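Input: a single structure, listed below in structure tokens.
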Amino acid sequence: MLYEKIIEIIVFLLSELKNNKQLADVDIDNLSKLGYTQNEINTAFSWVYSKIYAGEKIFLDEKSDTRSQRFLHDTEQNIISAEAYGYLVQLKELGLINNMDIDLIIDKIMVSSYSSISKDEMKSIIASYLLDIEEMNDANSRVMINLNDTIH
């Protein structure tokens, strides 16, 4: 649930940026009032800043991605709930993921042992995908801080 909260904050931050708001103008106190911890907020900001610092695009170029929409196969519909798929579409519309990412995420789900995917489980899968959680244990392979890291 921890990383899912970070993704929720990242989605919020990107929504603010899409509305022409600067990161410095985001009300951190409001995020705290919504129940997010300072570590979760810092980690989300760290992810966004790391993308900017590395020169990566935060928002995917809409022109490079077709406006087509992927439909789920009957087998995929039996496993992925409408709410979970809707969340994927929401992240695509926000520009956080693209059609290729959606295909990769769905492929990952289909080859795993999931019998059904709820929206919360989808958030967890997306958090793992976007935050490279598998690589986060190696301090030399990441720019983003972990929740238990200490900055000196």
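Chain labels A, B, ... are given in the sequence in which chains occur in the structure tokens; within each chain residues are numbered consecutively from 1, and ligands are likewise numbered from 1 in the order shown.
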
Excluding same-chain residues fewer than 6 positions from A:Lys119, what lies within 9 Å of it counting only C-alpha atoms, as an MDAnalysis selection string?
-> chainID A and resid 80:87

Can you pull out every residue within 7 Å of A:Ser124, counting only C-alpha atoms, but drop anything in the same chain fewer than 4 positions away, and send it as a VMD selection string?
-> chain A and resid 3 to 4 120 128

Apply DSSP to the backbone of this structure and, from stretch 4-89 of chain A, keep only the residues in helix (DSSP H, G or I); write these as a PyMOL selection string.
-> chain A and resi 4-18+23-25+28-33+38-53+74-79+82-89

Excluding A:Leu91 and residues on its chain fewer than 5 positions from it, collect all residues at most 8 Å away from it, counting only C-alpha atoms, and give them as a list of chain:residue names.
-> A:Val11, A:Leu96, A:Ile97

Grab the atom CA of A:Met122 to atom CA of A:Tyr53 distance for me, in Å with one decimal place.
->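 Rounded to one decimal, the two atoms are 27.9 Å apart.
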